[in-house]
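**Student:** Pasting a structure here, questions to come.
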Amino acid sequence: GIQVEQSPPDLILQEGANSTLRCNFSDSVNNLQWFHQNPWGQLINLFYIPSGTKQNGRLSATTVATERYSLLYISSSQTTDSGVYFCAVAMNTGNQFYFGTGTSLTVIP
Amino acid sequence: EAQVTQNPRYLITVTGKKLTVTCSQNMNHEYMSWYRQDPGLGLRQIYYSMNVEVTDKGDVPEGYKVSRKEKRNFPLILESPSPNQTSLYFCASSLSAGTAYGYTFGSGTRLTVV
């Protein structure tokens with residue numbers, strides 16, 4: 001299967017700071033999504049972004065499919081941004097999804 | 001309200017006692033999937049279904065069964081649970097796989113097998 005690596009594994013930020021999370025993947029994909037798992041365990045879809053750039057409020061994401069990576073930007077972080085951020089991909093040839101091991105973000109007031 | 005509903009939320013059972021975790025979605029989604037989440041391993045896909053009567057193995061299917069007799073339901077069956085199946089399980093659905101539709105996840109089922 002496809003390998004998905006996320007970095008950094010852990011991140012601690014002061015409220016108001018900006019951050020960039022990275023997702024590298026080992027093969028061509030036709031589906032890439034970013035998720036946020038809040039401290040209560042709920043998983044929320046943030047972006048569907050197999051290529052290009054999208055923005056939603058303080059969050060934006062960019063995927064460079066030819067170089068096999070995606071970036072999630074969080075600006076002006078808030079304590080409610082805390083949790084684990086996962087990247088998940090599906091290959092061009094199938095519909096099986098592969099998740100990275102996540103970036104655990106803690107935003108302190 | 002559009003949602004994916006999993007039951008139960010918490011379950012403690014004994015080794016070898018068959019159990020079923022139910023998953024139901026009310027969004028008329030074609031694609032449904034089961035994942036397990038373990039510390040340090042992220043989420044790993046167990047089985048997925050492209051539509052009614054169409055199921056495929058994911059990354060870690062051993063010890064699990066699924067069925068998709070109706071579009072809205074996708075139960076996960078552990079016929080003889082073992083302690084290494086202790087995990088947090090998530091069901092997810094999407095209108096379709098491989099298209100511009102994101103996943104909706106259920107709230108999770110925390111399973112402990114003793």
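Every chain in the structure tokens has a letter given in the order shown (A, B, ...), and although residue numbers restart at 1 in each chain, ligands are simply numbered from 1 in the order shown.
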Can you tell me, as a ChimeraX atom specification, what residues are no more than 8 Å from Arg36 of chain B when counting only C-alpha atoms, ignoring any on the same chain fewer than 3 positions away?

**Tutor:** /B:43-46,87-90

**Student:** Using only C-alpha atoms, please write the residues we just selected to a file, as a PDB file, in the first residue's frame.

**Tutor:**
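Final file, selection30.pdb:
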ATOM      1  CA  LEU B  43      -6.389   5.020  11.385  1.00  0.00           C
ATOM      2  CA  ARG B  44      -6.250   1.793   9.436  1.00  0.00           C
ATOM      3  CA  GLN B  45      -8.968   0.719   7.058  1.00  0.00           C
ATOM      4  CA  ILE B  46     -10.621  -2.623   7.822  1.00  0.00           C
ATOM      5  CA  SER B  87      -9.307  -0.542  19.728  1.00  0.00           C
ATOM      6  CA  LEU B  88     -11.302   2.547  18.832  1.00  0.00           C
ATOM      7  CA  TYR B  89     -13.453   1.882  15.773  1.00  0.00           C
ATOM      8  CA  PHE B  90     -14.875   4.423  13.368  1.00  0.00           C
TER       9      PHE B  90
END

**Student:** Determine which residues of chain A sit within 12 Å of chain B, taking into account only C-alpha atoms, and present them as an NGL selection string.

**Tutor:** :A and (1-6 or 9-10 or 29-38 or 40-51 or 84-104)

**Student:** What does the file look like for those residues with C-alpha atoms, as a PDB file, in the first residue's frame?

**Tutor:**
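Dumped everything to result36.pdb:
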ATOM      1  CA  GLY A   1       0.000   0.000   0.000  1.00  0.00           C
ATOM      2  CA  ILE A   2       0.834   3.663  -0.109  1.00  0.00           C
ATOM      3  CA  GLN A   3       2.967   5.225   2.628  1.00  0.00           C
ATOM      4  CA  VAL A   4       1.736   8.428   4.242  1.00  0.00           C
ATOM      5  CA  GLU A   5       4.075  10.390   6.484  1.00  0.00           C
ATOM      6  CA  GLN A   6       3.079  13.418   8.499  1.00  0.00           C
ATOM      7  CA  PRO A   9       4.386  14.413  15.016  1.00  0.00           C
ATOM      8  CA  ASP A  10       3.784  16.911  17.817  1.00  0.00           C
ATOM      9  CA  VAL A  29      -3.303   9.728  -5.554  1.00  0.00           C
ATOM     10  CA  ASN A  30      -6.762  10.705  -6.742  1.00  0.00           C
ATOM     11  CA  ASN A  31      -8.077  11.606  -3.330  1.00  0.00           C
ATOM     12  CA  LEU A  32      -6.461  13.473  -0.448  1.00  0.00           C
ATOM     13  CA  GLN A  33      -8.298  14.693   2.604  1.00  0.00           C
ATOM     14  CA  TRP A  34      -7.353  16.474   5.813  1.00  0.00           C
ATOM     15  CA  PHE A  35      -9.164  15.708   9.049  1.00  0.00           C
ATOM     16  CA  HIS A  36      -9.187  17.137  12.546  1.00  0.00           C
ATOM     17  CA  GLN A  37      -9.781  14.854  15.531  1.00  0.00           C
ATOM     18  CA  ASN A  38     -10.823  16.972  18.490  1.00  0.00           C
ATOM     19  CA  TRP A  40     -13.231  14.252  22.430  1.00  0.00           C
ATOM     20  CA  GLY A  41     -12.338  11.943  19.554  1.00  0.00           C
ATOM     21  CA  GLN A  42     -14.676  13.280  16.902  1.00  0.00           C
ATOM     22  CA  LEU A  43     -13.231  13.291  13.380  1.00  0.00           C
ATOM     23  CA  ILE A  44     -14.160  16.214  11.150  1.00  0.00           C
ATOM     24  CA  ASN A  45     -13.363  16.535   7.478  1.00  0.00           C
ATOM     25  CA  LEU A  46     -11.469  19.773   6.784  1.00  0.00           C
ATOM     26  CA  PHE A  47     -10.540  19.600   3.109  1.00  0.00           C
ATOM     27  CA  TYR A  48     -10.855  17.397   0.072  1.00  0.00           C
ATOM     28  CA  ILE A  49      -7.764  18.491  -1.871  1.00  0.00           C
ATOM     29  CA  PRO A  50      -6.098  16.063  -4.312  1.00  0.00           C
ATOM     30  CA  SER A  51      -4.423  19.061  -5.978  1.00  0.00           C
ATOM     31  CA  VAL A  84      -4.794  15.609  16.014  1.00  0.00           C
ATOM     32  CA  TYR A  85      -4.651  16.429  12.317  1.00  0.00           C
ATOM     33  CA  PHE A  86      -4.686  13.525   9.881  1.00  0.00           C
ATOM     34  CA  CYS A  87      -3.969  13.346   6.203  1.00  0.00           C
ATOM     35  CA  ALA A  88      -5.577  10.489   4.220  1.00  0.00           C
ATOM     36  CA  VAL A  89      -5.065   9.461   0.611  1.00  0.00           C
ATOM     37  CA  ALA A  90      -6.435   7.017  -1.931  1.00  0.00           C
ATOM     38  CA  MET A  91      -4.431   5.860  -4.910  1.00  0.00           C
ATOM     39  CA  ASN A  92      -5.370   6.461  -8.527  1.00  0.00           C
ATOM     40  CA  THR A  93      -5.947   2.744  -8.973  1.00  0.00           C
ATOM     41  CA  GLY A  94      -8.266   2.086  -6.056  1.00  0.00           C
ATOM     42  CA  ASN A  95     -10.663   3.229  -3.397  1.00  0.00           C
ATOM     43  CA  GLN A  96      -8.785   2.096  -0.318  1.00  0.00           C
ATOM     44  CA  PHE A  97      -7.795   4.926   1.993  1.00  0.00           C
ATOM     45  CA  TYR A  98      -4.509   5.258   3.840  1.00  0.00           C
ATOM     46  CA  PHE A  99      -4.079   7.559   6.817  1.00  0.00           C
ATOM     47  CA  GLY A 100      -0.937   9.115   8.181  1.00  0.00           C
ATOM     48  CA  THR A 101      -0.146   8.803  11.884  1.00  0.00           C
ATOM     49  CA  GLY A 102      -1.159  12.398  12.476  1.00  0.00           C
ATOM     50  CA  THR A 103       0.182  15.625  13.934  1.00  0.00           C
ATOM     51  CA  SER A 104      -0.850  16.281  17.515  1.00  0.00           C
TER      52      SER A 104
END

**Student:** Neighbouring residues of segment 72-80 of chain A were defined as those with any atom within 7 Å, considering only C-alpha atoms; residues of the same chain fewer than 2 positions away were excluded. Please report them as a VMD selection string.

**Tutor:** chain A and resid 15 to 22 58 to 62 70 82 107 to 109

**Student:** Any idea what the distance is between atom CA of Ser94 of chain B and atom CA of Glu30 of chain B?

**Tutor:**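 The value is 6.6 Å.
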
**Student:** Given only C-alpha atoms as the basis, pick out the residue of B:Gln25, B:Lys71, B:Lys18, B:Leu95 nearest to Thr5 of chain B.

**Tutor:** B:Gln25

**Student:** So what do you get for atom CA of Val21 of chain B versus atom CA of Leu78 of chain B, distance-wise?

**Tutor:**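 The value is 8.4 Å.
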
**Student:** Between B:Asn28, B:Cys23, B:Thr112, B:Asn51, single out the one closest to Ile77 of chain B, counting only C-alpha atoms.

**Tutor:**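 Closest to Ile77 of chain B, using only C-alpha atoms: B:Cys23.
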
**Student:** Would you pick out the contacts of Ser82 of chain B at 8 Å or less, using only C-alpha atoms, so that residues sharing its chain but fewer than 5 positions from it are not included, and give the list as a PDB file with C-alpha atoms, in the first residue's frame?

**Tutor:**
ATOM      1  CA  VAL B  14     -14.772 -11.453  26.513  1.00  0.00           C
ATOM      2  CA  THR B  15     -12.553 -13.333  24.120  1.00  0.00           C
ATOM      3  CA  GLY B  16     -14.504 -15.439  21.635  1.00  0.00           C
ATOM      4  CA  VAL B 113     -11.765  -7.459  24.618  1.00  0.00           C
ATOM      5  CA  VAL B 114     -10.630  -9.172  27.813  1.00  0.00           C
TER       6      VAL B 114
END

**Student:** Return as number ranges by chain the full set of residues in chain B whose backbone-based DSSP assignment is strand (DSSP E).

**Tutor:** B: 4-7, 10-13, 19-25, 31-38, 42-51, 54-57, 65-66, 76-78, 87-94, 104-105, 109-113

**Student:** Could you please take those selected residues and save C-alpha atoms as a PDB file, in the first residue's frame?

**Tutor:**
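File part_4.pdb, as written:
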ATOM      1  CA  VAL B   4     -23.368   8.537  10.691  1.00  0.00           C
ATOM      2  CA  THR B   5     -24.580   6.664  13.759  1.00  0.00           C
ATOM      3  CA  GLN B   6     -22.523   3.953  15.429  1.00  0.00           C
ATOM      4  CA  ASN B   7     -23.640   1.731  18.244  1.00  0.00           C
ATOM      5  CA  TYR B  10     -18.488   1.612  24.462  1.00  0.00           C
ATOM      6  CA  LEU B  11     -18.293  -2.167  24.678  1.00  0.00           C
ATOM      7  CA  ILE B  12     -16.404  -4.533  26.944  1.00  0.00           C
ATOM      8  CA  THR B  13     -16.579  -8.172  25.966  1.00  0.00           C
ATOM      9  CA  LEU B  19     -20.307  -9.153  18.575  1.00  0.00           C
ATOM     10  CA  THR B  20     -21.657  -6.694  16.019  1.00  0.00           C
ATOM     11  CA  VAL B  21     -21.034  -2.967  15.858  1.00  0.00           C
ATOM     12  CA  THR B  22     -23.722  -1.229  13.864  1.00  0.00           C
ATOM     13  CA  CYS B  23     -23.262   1.713  11.513  1.00  0.00           C
ATOM     14  CA  SER B  24     -26.056   3.609   9.812  1.00  0.00           C
ATOM     15  CA  GLN B  25     -26.042   6.739   7.640  1.00  0.00           C
ATOM     16  CA  TYR B  31     -19.350   4.568  -0.005  1.00  0.00           C
ATOM     17  CA  MET B  32     -18.990   3.303   3.567  1.00  0.00           C
ATOM     18  CA  SER B  33     -15.935   2.175   5.456  1.00  0.00           C
ATOM     19  CA  TRP B  34     -14.685   0.886   8.806  1.00  0.00           C
ATOM     20  CA  TYR B  35     -11.461   1.945  10.494  1.00  0.00           C
ATOM     21  CA  ARG B  36      -9.647   1.083  13.667  1.00  0.00           C
ATOM     22  CA  GLN B  37      -7.514   3.632  15.488  1.00  0.00           C
ATOM     23  CA  ASP B  38      -4.608   2.547  17.656  1.00  0.00           C
ATOM     24  CA  GLY B  42      -3.241   6.385  12.989  1.00  0.00           C
ATOM     25  CA  LEU B  43      -6.389   5.020  11.385  1.00  0.00           C
ATOM     26  CA  ARG B  44      -6.250   1.793   9.436  1.00  0.00           C
ATOM     27  CA  GLN B  45      -8.968   0.719   7.058  1.00  0.00           C
ATOM     28  CA  ILE B  46     -10.621  -2.623   7.822  1.00  0.00           C
ATOM     29  CA  TYR B  47     -13.240  -2.963   5.074  1.00  0.00           C
ATOM     30  CA  TYR B  48     -15.002  -0.658   2.679  1.00  0.00           C
ATOM     31  CA  SER B  49     -18.078  -0.852   0.488  1.00  0.00           C
ATOM     32  CA  MET B  50     -18.642   0.923  -2.794  1.00  0.00           C
ATOM     33  CA  ASN B  51     -22.369   0.155  -2.795  1.00  0.00           C
ATOM     34  CA  VAL B  54     -20.095  -4.666  -2.884  1.00  0.00           C
ATOM     35  CA  THR B  55     -17.433  -4.925  -0.179  1.00  0.00           C
ATOM     36  CA  ASP B  56     -13.627  -5.010  -0.278  1.00  0.00           C
ATOM     37  CA  LYS B  57     -10.834  -5.625   2.168  1.00  0.00           C
ATOM     38  CA  LYS B  65     -16.552  -9.427   8.606  1.00  0.00           C
ATOM     39  CA  VAL B  66     -18.917  -6.918   7.059  1.00  0.00           C
ATOM     40  CA  LEU B  76     -18.929  -4.715  11.493  1.00  0.00           C
ATOM     41  CA  ILE B  77     -18.900  -8.273  12.836  1.00  0.00           C
ATOM     42  CA  LEU B  78     -16.263  -9.811  15.077  1.00  0.00           C
ATOM     43  CA  SER B  87      -9.307  -0.542  19.728  1.00  0.00           C
ATOM     44  CA  LEU B  88     -11.302   2.547  18.832  1.00  0.00           C
ATOM     45  CA  TYR B  89     -13.453   1.882  15.773  1.00  0.00           C
ATOM     46  CA  PHE B  90     -14.875   4.423  13.368  1.00  0.00           C
ATOM     47  CA  CYS B  91     -17.418   4.064  10.621  1.00  0.00           C
ATOM     48  CA  ALA B  92     -17.382   6.616   7.806  1.00  0.00           C
ATOM     49  CA  SER B  93     -19.412   7.349   4.708  1.00  0.00           C
ATOM     50  CA  SER B  94     -19.092   9.427   1.587  1.00  0.00           C
ATOM     51  CA  THR B 104     -18.444  11.925   7.409  1.00  0.00           C
ATOM     52  CA  PHE B 105     -17.383   9.920  10.453  1.00  0.00           C
ATOM     53  CA  THR B 109     -16.942   2.738  19.303  1.00  0.00           C
ATOM     54  CA  ARG B 110     -14.386   1.953  21.981  1.00  0.00           C
ATOM     55  CA  LEU B 111     -14.078  -1.827  22.187  1.00  0.00           C
ATOM     56  CA  THR B 112     -12.244  -3.698  24.915  1.00  0.00           C
ATOM     57  CA  VAL B 113     -11.765  -7.459  24.618  1.00  0.00           C
TER      58      VAL B 113
END

**Student:** Which is closest to Pro8 of chain A among A:Arg68, A:Thr63, A:Cys23, A:Thr53, if we use only C-alpha atoms?

**Tutor:** A:Cys23

**Student:** What does the distance from atom CA of Glu67 of chain A to atom CA of Asp27 of chain A come to in Å, to one decimal?

**Tutor:** 9.7 Å
